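Asks: My structure is stored as structure33.txt, with compact mmCIF, C-alpha atoms.
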```txt
# COMPACT_ATOMS: atom_id res chain seq x y z
CA MET Y 13 2.84 -2.35 7.28
CA SER Y 14 0.21 -4.59 8.77
CA SER Y 15 0.46 -6.99 5.84
CA LEU Y 16 3.56 -8.36 7.56
CA SER Y 17 1.38 -10.13 10.12
CA GLU Y 18 0.11 -12.40 7.39
CA THR Y 19 3.56 -13.76 6.77
CA ASP Y 20 3.49 -15.88 9.92
CA SER Y 21 4.36 -19.32 8.75
CA HIS Y 22 2.64 -21.75 11.10
CA ASP Y 23 -0.23 -23.71 9.66
CA LEU Y 24 0.79 -22.30 6.35
CA GLU Y 25 -1.27 -24.35 3.92
CA LEU Y 26 -4.61 -23.46 5.39
CA LYS Y 27 -3.43 -19.95 6.11
CA ARG Y 28 -2.37 -19.44 2.53
CA LEU Y 29 -5.73 -20.70 1.37
CA LYS Y 30 -7.48 -18.30 3.74
CA THR Y 31 -5.39 -15.29 2.74
CA SER Y 32 -5.90 -16.06 -0.91
CA GLN Y 33 -9.62 -16.28 -0.26
CA THR Y 34 -9.80 -12.85 1.31
CA HIS Y 35 -7.34 -11.13 -0.98
CA CYS Y 36 -9.11 -12.23 -4.13
CA GLY Y 37 -12.26 -10.32 -3.31
CA THR Y 38 -14.63 -13.11 -4.22
CA PRO Y 39 -14.90 -15.43 -1.25
CA GLN Y 40 -14.02 -18.92 -2.40
CA ARG Y 41 -15.26 -21.93 -0.53
CA VAL Y 42 -12.98 -24.21 -2.45
CA PHE Y 43 -13.95 -27.61 -1.14
CA VAL Y 44 -11.11 -29.89 -2.13
CA PRO Y 45 -9.49 -32.71 -0.19
CA PRO Y 46 -6.75 -31.62 2.25
CA LEU Y 47 -3.20 -31.57 0.93
CA ARG Y 48 -0.96 -34.51 1.55
CA ARG Y 49 2.58 -33.23 1.79
CA VAL Y 50 4.84 -35.26 -0.58
CA ASP Y 51 8.10 -36.18 1.10
CA PRO Y 52 10.75 -34.34 -0.94
CA SER Y 53 13.60 -36.52 0.31
CA LYS Y 54 12.19 -39.71 -1.29
CA PRO Y 55 13.11 -39.84 -4.97
CA PRO Y 56 10.30 -40.68 -7.41
CA LEU Y 57 10.44 -44.27 -8.61
CA SER Y 58 10.71 -43.92 -12.38
CA ALA Y 59 13.24 -43.92 -15.19
CA GLN Y 60 15.37 -40.82 -15.70
CA ARG Y 61 13.88 -38.42 -18.22
CA PRO Y 62 15.98 -35.93 -20.21
CA PHE Y 63 13.58 -33.16 -19.28
CA PRO Y 64 10.20 -33.13 -17.54
CA LEU Y 65 7.82 -34.96 -19.85
CA SER Y 66 4.50 -34.94 -18.09
CA HIS Y 67 1.06 -34.17 -19.53
CA GLY Y 68 0.54 -36.94 -22.05
CA THR Y 69 -1.40 -34.92 -24.55
CA THR Y 70 -1.17 -32.37 -27.33
CA THR Y 71 -3.28 -29.27 -27.08
CA LEU Y 72 -2.78 -26.05 -28.92
CA GLY Y 73 -4.38 -22.71 -29.55
CA PHE Y 74 -3.59 -19.78 -31.77
CA VAL Y 75 -5.04 -16.40 -32.65
CA PHE Y 76 -5.69 -15.27 -36.21
CA GLN Y 77 -7.84 -12.71 -37.97
CA GLY Y 78 -10.97 -14.83 -37.66
CA GLY Y 79 -10.73 -15.46 -33.92
CA VAL Y 80 -9.06 -18.25 -32.01
CA ILE Y 81 -8.65 -21.90 -32.90
CA ALA Y 82 -8.26 -24.42 -30.09
CA ALA Y 83 -7.30 -27.98 -30.98
CA ALA Y 84 -6.45 -31.08 -28.99
CA ASP Y 85 -6.01 -34.81 -29.43
CA THR Y 86 -8.44 -37.21 -27.76
CA ARG Y 87 -6.24 -39.83 -26.14
CA ALA Y 88 -6.13 -40.35 -22.40
CA SER Y 89 -3.08 -42.38 -21.43
CA ALA Y 90 -2.33 -44.00 -18.10
CA GLY Y 91 1.37 -44.82 -18.18
CA GLY Y 92 1.67 -47.01 -21.25
CA LEU Y 93 -2.03 -47.83 -21.56
CA VAL Y 94 -4.49 -45.93 -23.69
CA ALA Y 95 -7.15 -45.52 -21.07
CA CYS Y 96 -9.67 -43.88 -23.37
CA PRO Y 97 -9.43 -43.03 -27.07
CA ALA Y 98 -12.23 -40.47 -27.10
CA VAL Y 99 -11.77 -37.93 -24.35
CA HIS Y 100 -12.88 -34.30 -24.64
CA LYS Y 101 -9.91 -32.19 -23.72
CA ILE Y 102 -11.55 -28.98 -24.82
CA THR Y 103 -14.45 -27.91 -22.65
CA PRO Y 104 -16.64 -24.87 -23.13
CA ILE Y 105 -17.09 -23.00 -19.88
CA HIS Y 106 -19.51 -20.39 -21.06
CA SER Y 107 -20.58 -19.07 -24.42
CA HIS Y 108 -17.31 -17.22 -24.99
CA LEU Y 109 -14.79 -19.18 -22.97
CA VAL Y 110 -13.26 -22.48 -23.96
CA VAL Y 111 -10.68 -24.35 -21.92
CA THR Y 112 -8.18 -26.89 -23.22
CA SER Y 113 -6.76 -29.05 -20.51
CA SER Y 114 -3.60 -31.04 -20.17
CA GLY Y 115 -2.13 -33.04 -17.33
CA SER Y 116 -3.86 -35.27 -14.85
CA GLY Y 117 -7.36 -35.89 -16.21
CA ALA Y 118 -9.09 -35.92 -12.88
CA ASP Y 119 -7.43 -32.72 -11.68
CA CYS Y 120 -8.28 -30.94 -14.92
CA MET Y 121 -11.93 -31.93 -14.73
CA LEU Y 122 -12.14 -30.83 -11.13
CA TRP Y 123 -10.53 -27.47 -11.72
CA GLU Y 124 -12.59 -26.81 -14.82
CA ARG Y 125 -15.72 -27.30 -12.76
CA ILE Y 126 -14.43 -25.13 -9.95
CA LEU Y 127 -13.50 -22.43 -12.44
CA THR Y 128 -16.93 -22.61 -14.06
CA ARG Y 129 -18.57 -22.24 -10.69
CA GLU Y 130 -16.40 -19.31 -9.63
CA ILE Y 131 -16.89 -17.46 -12.91
CA ARG Y 132 -20.63 -17.91 -12.66
CA LEU Y 133 -20.63 -16.72 -9.06
CA TYR Y 134 -18.64 -13.65 -10.07
CA GLU Y 135 -21.13 -12.93 -12.83
CA LEU Y 136 -24.04 -13.21 -10.44
CA ARG Y 137 -22.43 -11.08 -7.74
CA HIS Y 138 -21.04 -8.30 -9.90
CA LYS Y 139 -23.57 -8.32 -12.74
CA ARG Y 140 -20.88 -8.45 -15.40
CA ARG Y 141 -18.87 -11.22 -16.95
CA LEU Y 142 -15.32 -11.80 -15.74
CA SER Y 143 -12.71 -11.03 -18.40
CA ILE Y 144 -10.44 -13.75 -19.80
CA ARG Y 145 -7.39 -12.39 -18.03
CA GLY Y 146 -9.43 -12.13 -14.84
CA SER Y 147 -10.53 -15.76 -15.16
CA ALA Y 148 -6.93 -16.80 -15.75
CA LYS Y 149 -5.73 -14.86 -12.74
CA LEU Y 150 -8.54 -16.30 -10.61
CA LEU Y 151 -7.58 -19.82 -11.61
CA SER Y 152 -3.90 -19.17 -11.08
CA LEU Y 153 -4.52 -17.80 -7.60
CA MET Y 154 -6.79 -20.74 -6.73
CA LEU Y 155 -4.09 -23.17 -7.86
CA HIS Y 156 -1.31 -21.41 -5.98
CA PRO Y 157 -1.74 -23.25 -2.65
CA PHE Y 158 -1.33 -26.53 -4.53
CA LYS Y 159 2.00 -25.60 -6.05
CA GLY Y 160 4.60 -28.30 -5.57
CA THR Y 161 2.08 -31.06 -4.96
CA ASP Y 162 0.96 -33.63 -7.48
CA VAL Y 163 -1.84 -31.49 -8.86
CA CYS Y 164 -1.05 -31.16 -12.50
CA VAL Y 165 -3.14 -28.83 -14.61
CA ALA Y 166 -2.25 -26.78 -17.63
CA LEU Y 167 -5.10 -24.93 -19.24
CA THR Y 168 -5.38 -22.56 -22.13
CA LEU Y 169 -8.37 -20.26 -22.21
CA GLY Y 170 -9.85 -18.72 -25.33
CA PRO Y 171 -10.79 -16.37 -27.02
CA ARG Y 172 -7.80 -14.49 -25.75
CA LEU Y 173 -5.15 -17.16 -25.24
CA VAL Y 174 -3.86 -17.48 -21.71
CA TYR Y 175 -1.83 -20.41 -20.44
CA VAL Y 176 -2.28 -21.27 -16.76
CA CYS Y 177 -0.22 -23.98 -15.13
CA SER Y 178 -0.51 -25.49 -11.68
CA ASP Y 179 3.11 -24.60 -10.92
CA GLY Y 180 2.04 -20.99 -11.06
CA ALA Y 181 2.89 -19.79 -14.56
CA ARG Y 182 0.37 -17.54 -16.25
CA LEU Y 183 1.26 -16.40 -19.74
CA GLN Y 184 -0.71 -14.62 -22.39
CA GLY Y 185 0.29 -15.26 -25.97
CA ASP Y 186 -0.73 -15.66 -29.59
CA VAL Y 187 0.38 -19.26 -30.07
CA ILE Y 188 0.43 -21.72 -27.23
CA SER Y 189 0.82 -25.46 -27.21
CA VAL Y 190 0.85 -27.61 -24.09
CA GLY Y 191 1.64 -31.22 -23.44
CA SER Y 192 4.13 -33.91 -24.34
CA GLY Y 193 3.38 -33.46 -28.03
CA SER Y 194 3.77 -29.69 -27.93
CA PRO Y 195 7.33 -29.46 -29.34
CA TYR Y 196 6.16 -31.33 -32.44
CA ALA Y 197 3.08 -29.14 -32.75
CA TYR Y 198 5.16 -25.96 -32.40
CA GLY Y 199 7.34 -27.11 -35.26
CA VAL Y 200 4.39 -27.27 -37.65
CA LEU Y 201 2.58 -24.21 -36.26
CA ASP Y 202 5.53 -21.82 -36.28
CA GLY Y 203 6.13 -22.53 -39.94
CA GLY Y 204 2.59 -22.13 -41.23
CA LEU Y 205 1.04 -19.53 -38.96
CA SER Y 206 0.20 -16.00 -40.00
CA TRP Y 207 -2.44 -13.48 -39.00
CA SER Y 208 -4.23 -13.43 -42.34
CA LEU Y 209 -5.19 -17.11 -42.55
CA SER Y 210 -8.71 -17.89 -43.62
CA LYS Y 211 -10.84 -20.03 -41.34
CA GLU Y 212 -10.37 -23.16 -43.46
CA GLU Y 213 -6.61 -22.68 -43.62
CA ALA Y 214 -6.44 -22.13 -39.87
CA VAL Y 215 -8.49 -25.26 -39.18
CA SER Y 216 -6.37 -27.36 -41.46
CA LEU Y 217 -3.15 -25.98 -39.96
CA ALA Y 218 -4.35 -26.78 -36.44
CA ARG Y 219 -5.39 -30.26 -37.48
CA GLU Y 220 -2.09 -30.85 -39.24
CA ALA Y 221 -0.13 -29.71 -36.18
CA VAL Y 222 -2.01 -32.01 -33.82
CA PHE Y 223 -1.77 -34.84 -36.28
CA ARG Y 224 2.01 -34.52 -36.65
CA ALA Y 225 2.34 -34.42 -32.87
CA THR Y 226 0.20 -37.53 -32.47
CA HIS Y 227 2.32 -39.28 -35.08
CA ARG Y 228 5.54 -38.73 -33.15
CA ASP Y 229 4.36 -38.64 -29.55
CA ALA Y 230 3.31 -41.93 -28.03
CA TYR Y 231 1.02 -40.32 -25.48
CA SER Y 232 -1.06 -38.37 -27.98
CA GLY Y 233 -3.25 -39.91 -30.59
CA ASN Y 234 -6.64 -40.89 -31.93
CA ASN Y 235 -8.80 -38.02 -33.14
CA VAL Y 236 -8.55 -34.25 -33.20
CA ASP Y 237 -11.04 -31.95 -31.49
CA LEU Y 238 -11.29 -28.46 -32.92
CA PHE Y 239 -13.05 -25.39 -31.55
CA HIS Y 240 -13.29 -22.02 -33.21
CA VAL Y 241 -13.96 -19.12 -30.85
CA THR Y 242 -15.01 -15.70 -32.07
CA ALA Y 243 -16.67 -12.66 -30.61
CA GLN Y 244 -20.00 -14.35 -31.29
CA GLY Y 245 -19.10 -17.42 -29.26
CA TRP Y 246 -17.57 -20.84 -29.79
CA ILE Y 247 -18.33 -23.48 -32.44
CA LYS Y 248 -17.13 -27.03 -32.46
CA VAL Y 249 -15.67 -27.58 -35.91
CA LYS Y 250 -16.87 -30.85 -37.39
CA ILE Y 251 -14.35 -32.64 -39.51
CA ASP Y 252 -15.19 -35.85 -41.29
CA LYS Y 253 -14.63 -38.49 -38.67
CA TYR Y 254 -11.73 -40.52 -39.80
CA ASN Y 255 -8.76 -41.90 -38.02
CA SER Y 256 -5.27 -40.40 -37.91
CA ASN Y 257 -3.89 -43.20 -40.07
CA LYS Y 258 -6.07 -42.31 -42.99
CA VAL Y 259 -4.96 -38.66 -42.77
CA MET Y 260 -1.36 -39.85 -43.10
CA ILE Y 261 -2.18 -41.89 -46.18
CA ILE Y 262 -4.12 -39.04 -47.76
CA THR Y 263 -1.35 -36.48 -47.22
CA LYS Y 264 1.18 -38.92 -48.67
CA LEU Y 265 -0.96 -39.45 -51.74
CA GLN Y 266 -1.20 -35.69 -52.26
CA LYS Y 267 2.55 -35.28 -52.63
CA MET T 28 18.33 -19.48 -18.24
CA GLU T 29 17.05 -16.00 -17.49
CA TYR T 30 19.17 -12.94 -17.31
CA LEU T 31 18.93 -9.66 -15.44
CA ILE T 32 21.45 -6.85 -15.37
CA GLY T 33 21.60 -3.44 -13.72
CA ILE T 34 24.14 -0.62 -13.98
CA GLN T 35 24.07 2.43 -11.73
CA GLY T 36 25.37 5.75 -12.97
CA PRO T 37 25.87 9.10 -11.21
CA ASP T 38 22.21 10.11 -11.55
CA TYR T 39 20.43 7.16 -13.22
CA VAL T 40 20.09 3.38 -13.12
CA LEU T 41 20.02 1.32 -16.31
CA VAL T 42 18.38 -2.11 -16.15
CA ALA T 43 17.77 -4.81 -18.70
CA ALA T 44 16.09 -8.22 -18.69
CA ASP T 45 15.68 -10.90 -21.32
CA ASN T 46 12.30 -11.51 -22.94
CA VAL T 47 12.00 -15.26 -22.87
CA ALA T 48 9.36 -17.13 -20.89
CA ALA T 49 10.31 -20.78 -21.02
CA SER T 50 8.73 -24.04 -19.93
CA SER T 51 11.28 -26.88 -19.80
CA ILE T 52 12.82 -26.82 -23.29
CA ILE T 53 10.21 -24.69 -25.05
CA GLN T 54 10.21 -20.89 -25.36
CA MET T 55 6.55 -20.14 -24.72
CA LYS T 56 6.83 -16.38 -25.13
CA HIS T 57 9.39 -14.19 -26.89
CA ASP T 58 8.19 -10.85 -25.55
CA TYR T 59 7.69 -11.45 -21.86
CA ASP T 60 8.34 -8.47 -19.58
CA LYS T 61 10.14 -9.34 -16.34
CA MET T 62 10.10 -5.84 -14.90
CA PHE T 63 7.44 -4.79 -12.42
CA LYS T 64 6.79 -1.13 -11.76
CA LEU T 65 6.56 -0.61 -8.01
CA SER T 66 6.15 3.14 -8.17
CA ASP T 67 7.02 6.03 -10.48
CA LYS T 68 10.72 5.66 -9.80
CA ILE T 69 11.19 2.07 -8.66
CA LEU T 70 11.42 -1.04 -10.82
CA LEU T 71 11.56 -4.61 -9.60
CA LEU T 72 13.16 -7.17 -11.91
CA CYS T 73 12.21 -10.68 -10.94
CA VAL T 74 13.35 -14.11 -12.19
CA GLY T 75 13.10 -17.56 -10.71
CA GLU T 76 10.57 -20.33 -10.40
CA ALA T 77 7.53 -20.16 -12.66
CA GLY T 78 4.65 -18.99 -10.49
CA ASP T 79 6.69 -17.58 -7.63
CA THR T 80 8.03 -14.66 -9.67
CA VAL T 81 4.66 -13.17 -10.59
CA GLN T 82 3.05 -13.94 -7.23
CA PHE T 83 5.85 -12.44 -5.18
CA ALA T 84 6.44 -9.44 -7.42
CA GLU T 85 2.76 -8.55 -7.54
CA TYR T 86 2.51 -8.93 -3.77
CA ILE T 87 5.38 -6.47 -3.28
CA GLN T 88 3.97 -4.16 -5.94
CA LYS T 89 0.54 -3.97 -4.34
CA ASN T 90 1.98 -3.44 -0.87
CA VAL T 91 4.18 -0.57 -2.04
CA GLN T 92 1.14 1.04 -3.64
CA LEU T 93 -0.87 0.46 -0.47
CA TYR T 94 1.78 2.25 1.55
CA LYS T 95 1.46 5.24 -0.75
CA MET T 96 -2.31 5.24 -0.39
CA ARG T 97 -2.19 4.99 3.39
CA ASN T 98 0.56 7.47 4.07
CA GLY T 99 0.37 9.90 1.19
CA TYR T 100 4.00 9.53 0.13
CA GLU T 101 5.97 6.81 -1.62
CA LEU T 102 8.47 4.37 -0.22
CA SER T 103 12.09 5.13 -1.06
CA PRO T 104 13.98 2.49 -3.08
CA SER T 105 16.03 1.53 -0.05
CA ALA T 106 12.93 1.07 2.10
CA ALA T 107 11.21 -0.94 -0.64
CA ALA T 108 14.27 -3.15 -1.00
CA ASN T 109 14.39 -3.80 2.71
CA PHE T 110 10.67 -4.56 2.78
CA THR T 111 11.11 -7.05 -0.07
CA ARG T 112 14.04 -8.69 1.65
CA LYS T 113 12.09 -8.99 4.90
CA ASN T 114 9.29 -10.78 3.09
CA LEU T 115 11.72 -13.13 1.37
CA ALA T 116 13.34 -13.88 4.73
CA ASP T 117 10.00 -14.50 6.43
CA TYR T 118 8.89 -16.97 3.78
CA LEU T 119 12.32 -18.60 3.52
CA ARG T 120 11.90 -20.84 6.54
CA SER T 121 8.25 -21.56 5.97
CA ARG T 122 6.98 -24.56 4.11
CA THR T 123 6.53 -22.54 0.92
CA PRO T 124 9.57 -20.36 0.32
CA TYR T 125 9.65 -18.13 -2.75
CA HIS T 126 12.44 -19.11 -5.11
CA VAL T 127 13.04 -15.74 -6.81
CA ASN T 128 16.10 -13.66 -7.63
CA LEU T 129 15.56 -9.94 -7.76
CA LEU T 130 17.09 -6.66 -8.78
CA LEU T 131 15.44 -3.56 -7.42
CA ALA T 132 16.37 -0.30 -9.12
CA GLY T 133 15.17 3.13 -8.15
CA HIS T 134 15.87 6.80 -7.88
CA ASP T 135 15.39 8.70 -4.67
CA ASP T 136 15.26 12.50 -4.54
CA ALA T 137 17.33 12.47 -1.35
CA ASP T 138 19.77 9.58 -1.86
CA GLY T 139 20.04 9.52 -5.63
CA PRO T 140 20.02 6.37 -7.74
CA GLY T 141 20.19 2.93 -6.12
CA LEU T 142 20.53 -0.65 -7.38
CA PHE T 143 19.81 -3.46 -4.94
CA TYR T 144 20.68 -7.10 -5.50
CA MET T 145 18.54 -9.73 -3.72
CA ASP T 146 18.51 -13.46 -4.06
CA TYR T 147 16.26 -16.30 -3.01
CA LEU T 148 18.07 -16.72 0.30
CA ALA T 149 16.98 -13.19 1.25
CA SER T 150 20.36 -11.56 0.98
CA LEU T 151 20.43 -7.85 0.13
CA ALA T 152 23.29 -5.80 -1.22
CA LYS T 153 23.42 -2.33 -2.68
CA ALA T 154 25.75 -2.53 -5.65
CA PRO T 155 26.96 -0.30 -8.49
CA PHE T 156 26.27 -3.07 -10.99
CA ALA T 157 24.72 -6.52 -10.69
CA ALA T 158 23.48 -9.44 -12.76
CA HIS T 159 21.42 -12.60 -12.21
CA GLY T 160 21.31 -15.88 -14.04
CA TYR T 161 23.87 -18.07 -15.77
CA GLY T 162 24.67 -15.13 -18.01
CA ALA T 163 26.04 -13.33 -14.98
CA PHE T 164 29.05 -15.66 -14.95
CA LEU T 165 29.96 -14.42 -18.40
CA THR T 166 29.23 -10.73 -17.96
CA LEU T 167 30.26 -9.74 -14.45
CA SER T 168 33.91 -9.64 -15.46
CA ILE T 169 33.06 -7.32 -18.35
CA LEU T 170 31.28 -5.05 -15.92
CA ASP T 171 34.26 -5.21 -13.53
CA ARG T 172 36.61 -4.25 -16.33
CA TYR T 173 34.71 -1.38 -17.93
CA TYR T 174 32.51 0.08 -15.21
CA ARG T 175 33.27 3.55 -13.87
CA PRO T 176 31.12 5.45 -11.39
CA ASP T 177 30.88 8.41 -13.78
CA LEU T 178 29.56 6.60 -16.87
CA THR T 179 27.36 8.67 -19.13
CA ARG T 180 24.06 7.18 -20.25
CA ASP T 181 25.34 6.35 -23.74
CA GLU T 182 28.43 4.70 -22.30
CA ALA T 183 26.26 2.64 -19.97
CA VAL T 184 24.11 1.47 -22.90
CA ASP T 185 27.29 0.56 -24.80
CA LEU T 186 28.50 -1.41 -21.80
CA LEU T 187 25.15 -3.19 -21.75
CA LYS T 188 25.47 -4.00 -25.44
CA LYS T 189 28.96 -5.39 -24.82
CA CYS T 190 27.47 -7.73 -22.22
CA VAL T 191 24.68 -8.84 -24.55
CA GLU T 192 27.20 -9.43 -27.34
CA GLU T 193 29.20 -11.70 -25.06
CA LEU T 194 26.06 -13.62 -24.16
CA ASN T 195 25.21 -14.11 -27.81
CA ARG T 196 28.71 -15.35 -28.49
CA ARG T 197 29.27 -17.69 -25.55
CA PHE T 198 26.04 -18.48 -23.79
CA ILE T 199 24.59 -21.82 -24.79
CA LEU T 200 20.98 -20.67 -24.69
CA ASN T 201 19.40 -18.34 -27.19
CA LEU T 202 18.27 -15.05 -25.66
CA PRO T 203 17.19 -13.10 -28.70
CA SER T 204 16.01 -9.84 -27.21
CA PHE T 205 16.23 -7.73 -24.06
CA ASN T 206 13.98 -5.06 -22.55
CA VAL T 207 15.95 -2.00 -21.46
CA ARG T 208 14.72 0.69 -19.08
CA LEU T 209 16.37 3.71 -17.48
CA ILE T 210 15.35 5.31 -14.18
CA ASP T 211 16.33 8.84 -13.28
CA LYS T 212 14.83 11.78 -11.41
CA ASP T 213 12.17 12.13 -14.11
CA GLY T 214 10.92 8.58 -13.70
CA ILE T 215 11.13 5.37 -15.70
CA HIS T 216 11.99 5.60 -19.40
CA ASP T 217 11.62 2.75 -21.89
CA MET T 218 14.66 2.45 -24.09
CA GLU T 219 15.17 0.68 -27.37
CA LYS T 220 15.04 -3.11 -27.12
CA ILE T 221 18.35 -4.84 -27.70
CA SER T 222 18.04 -7.72 -30.15
CA ILE T 223 20.61 -9.94 -31.81
CA GLY T 224 20.78 -7.70 -34.86
CA THR T 225 21.36 -4.33 -33.13
CA LYS T 226 24.91 -3.00 -33.14
```
Would it be possible to restate this file's structure as structure tokens?

Replies:
Amino acid sequence: MSSLSETDSHDLELKRLKTSQTHCGTPQRVFVPPLRRVDPSKPPLSAQRPFPLSHGTTTLGFVFQGGVIAAADTRASAGGLVACPAVHKITPIHSHLVVTSSGSGADCMLWERILTREIRLYELRHKRRLSIRGSAKLLSLMLHPFKGTDVCVALTLGPRLVYVCSDGARLQGDVISVGSGSPYAYGVLDGGLSWSLSKEEAVSLAREAVFRATHRDAYSGNNVDLFHVTAQGWIKVKIDKYNSNKVMIITKLQK
Amino acid sequence: MEYLIGIQGPDYVLVAADNVAASSIIQMKHDYDKMFKLSDKILLLCVGEAGDTVQFAEYIQKNVQLYKMRNGYELSPSAAANFTRKNLADYLRSRTPYHVNLLLAGHDDADGPGLFYMDYLASLAKAPFAAHGYGAFLTLSILDRYYRPDLTRDEAVDLLKKCVEELNRRFILNLPSFNVRLIDKDGIHDMEKISIGTK
């Protein structure tokens, strides 16, 4: 089989990029800086963690009868510093596609823009919109050459929930939460989630889950962004702007 | 963390894989399918590093289908296994090796059923039964003890259930359910999922 000739390993990084460009169908002039190979023999200089705890954020998404809810906190942390308390981690890409991002902020912004461009190019070339699973696969294939480097992106796409990670995973599901606060969010979500939630119940469940995660996780905090995606498109759900602390006090008073 | 098992009978191969897709300590999916259909009578079961599994398995899948389109007939399981191993070996000493462990199961009209064990170091072995993952340490001895070359299909499923029972009793991680498929001369058949509750 002639495909074997492509497995020649010299100059692999560029070669992989080229083969992924031709095999994907849509030619991709992905202009990103060249890869700097990280030396695997040098250990990273940081404290030992019990398990990999990267992506200082809490983002989640779930599907219910009224569409998809995507929620995220708004804190950007840089080590122990809160670099920005009002970051948008949920970005609309087009009228029916919303991306929640987690991981390195710069990488996420870059890849969101690249994804937006590639989806738009596909739409112009083929005169139809790329499906959600197609967009996820496109992103996953574009990220594949950067596997093992420091690029750190984990995105969930709506309205059908797909989780794409820069280490290559691509999973479709009904409930997905990403980030350092995700175990806490899963705890709240798994208990309260069902298909037949009304929109208000779903919004309050999502907000509660992110809030509980921000309470326990040091790297998540500040406010909660909420998007509701349906077949008609996405809407940013406006909640009364108040701080996480007040929510805690209010829920305590309700008991 | 992940578990694959295959048992070859006189005219069939029974394979099973767990359904968990995990990311560090979190189970992200409970119904993830780790089996890839290469052709009507060949299944590739693939576990390993997160993105490598899907990338590599889909690459092999598409190439096997391409062969059929170009030549008009399908690859035999043995040829597909050797092709897969060659690719693993080629990428092994490159800068981006694929860290995947595979079981390839298929039925050939000429050679009969075949189960092939491959690992990330590009080794290949045709075996009557095989398993991958930490669970293999617990279950290979059960397979050694109870396997016979002339197992009927029901006996093979019972043997599989014995293995799953042992995993549920002694394996530290929770693997709640398993996909089970059977390959024989009529193709690939989906069998009943094995969950913790099934006896």

Asks: Taking only C-alpha atoms into account and nothing else, which residues of chain T lie no more than 12 Å away from chain Y? Please answer as a ChimeraX atom specification.

Replies: /T:47-61,75-83,85-87,89-98,102,106-107,110-111,113-125

Asks: Any idea what's packed within 8 Å of Thr69 in chain Y, counting only C-alpha atoms, ignoring anything in its chain fewer than 6 positions away? Could you give it as a VMD selection string?

Replies: chain Y and resid 84 to 85 87 to 88 114 to 115 190 to 193 231 to 232

Asks: Between CA of Pro155 in chain T and CA of Gly214 in chain T, measure the distance and give it in Å to one decimal.

Replies: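 Between these atoms lies a distance of 19.1 Å.
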
Asks: Quick one: distance from CA of Val207 in chain T to CA of Met62 in chain T in Å, one decimal?

Replies: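 A separation of 9.6 Å between them.
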
Asks: Counting only C-alpha atoms, note down every residue that has an atom within 7 Å of the point (13.2, -16.3, -4.9) (file coordinates), as a short mmCIF file (atom, residue, chain, number, x, y, z; two decimals) with C-alpha atoms, in the coordinates of the input.

Replies:
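Contents of point_2.cif, freshly written:
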```cif
data_model
loop_
_atom_site.label_atom_id
_atom_site.label_comp_id
_atom_site.auth_asym_id
_atom_site.auth_seq_id
_atom_site.Cartn_x
_atom_site.Cartn_y
_atom_site.Cartn_z
CA GLY T 75 13.10 -17.56 -10.71
CA TYR T 125 9.65 -18.13 -2.75
CA HIS T 126 12.44 -19.11 -5.11
CA VAL T 127 13.04 -15.74 -6.81
CA ASN T 128 16.10 -13.66 -7.63
CA ASP T 146 18.51 -13.46 -4.06
CA TYR T 147 16.26 -16.30 -3.01
#
```

Asks: Report, in Å with one decimal, the straight-line distance from CA of Ala221 in chain Y to CA of Gly204 in chain Y.

Replies: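 Computed distance, CA of Ala221 in chain Y to CA of Gly204 in chain Y, equals 9.5 Å.
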
Asks: Please return the centre and edge lengths, in Å to one decimal, of a box with edges along x, y and z that contains all listed atoms of range 114-122 of chain T, widened by 3 Å on every side, as JSON.

Replies:
```
{"center_x": 10.2, "center_y": -17.7, "center_z": 4.0, "size_x": 12.4, "size_y": 19.8, "size_z": 11.2}
```

Asks: Contacts of range 156-160 of chain T at 8 Å or less, counting all atoms listed in the file, minus same-chain residues fewer than 2 places along, as a list in words?

Replies: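 Skipping anything fewer than 2 positions along the chain leaves Met28, Glu29, Tyr30, Leu31, Ile32, Gly33, Ile34, Gln35, Asn128, Leu129, Leu130, Leu142, Tyr144, Ala154, Gly162, Ala163, Phe164, Thr166, Leu167 and Leu170 of chain T.
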
Asks: Which of these, T:Ile169, T:Ala137, T:Ala152, T:Ile199, has the shortest distance to Leu186 in chain T once you count only C-alpha atoms?

Replies: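 Closest candidate: T:Ile169.
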
Asks: Name the residues in contact with Ala82 in chain Y at a cut-off of 7 Å, using only C-alpha atoms, excluding same-chain residues fewer than 5 positions from it; report them as a short mmCIF file (atom, residue, chain, number, x, y, z; two decimals) with C-alpha atoms, in the coordinates of the input.

Replies:
```cif
data_model
loop_
_atom_site.label_atom_id
_atom_site.label_comp_id
_atom_site.auth_asym_id
_atom_site.auth_seq_id
_atom_site.Cartn_x
_atom_site.Cartn_y
_atom_site.Cartn_z
CA LEU Y 72 -2.78 -26.05 -28.92
CA GLY Y 73 -4.38 -22.71 -29.55
CA PHE Y 74 -3.59 -19.78 -31.77
CA LEU Y 238 -11.29 -28.46 -32.92
CA PHE Y 239 -13.05 -25.39 -31.55
CA HIS Y 240 -13.29 -22.02 -33.21
#
```

Asks: Using all atoms listed in the file, which residue out of T:Lys188, T:Ser222, T:Lys153, T:Arg112 lies closest to Asn201 in chain T?

Replies: T:Ser222

Asks: Find the residues around Asp211 in chain T up to 8 Å (all atoms listed in the file counted), leave out those fewer than 2 positions away in its own chain, and share them as a list in words.

Replies: Asp38, Tyr39, Val40, Lys68, Gly133, His134, Pro140, Leu209, Asp213, Gly214 and Ile215 of chain T

Asks: Contacts of Thr179 in chain T at 9 Å or less, counting only C-alpha atoms, minus same-chain residues fewer than 5 places along, as a list in words?

Replies: Gly36, Pro37 and Val184 of chain T

Asks: Under the rule that only C-alpha atoms are counted, which of Y:Val110, Y:Lys250, Y:Gly117, Y:Trp123 is the nearest residue to Ser216 in chain Y?

Replies: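 That would be Y:Lys250, the residue with the smallest distance to Ser216 in chain Y.
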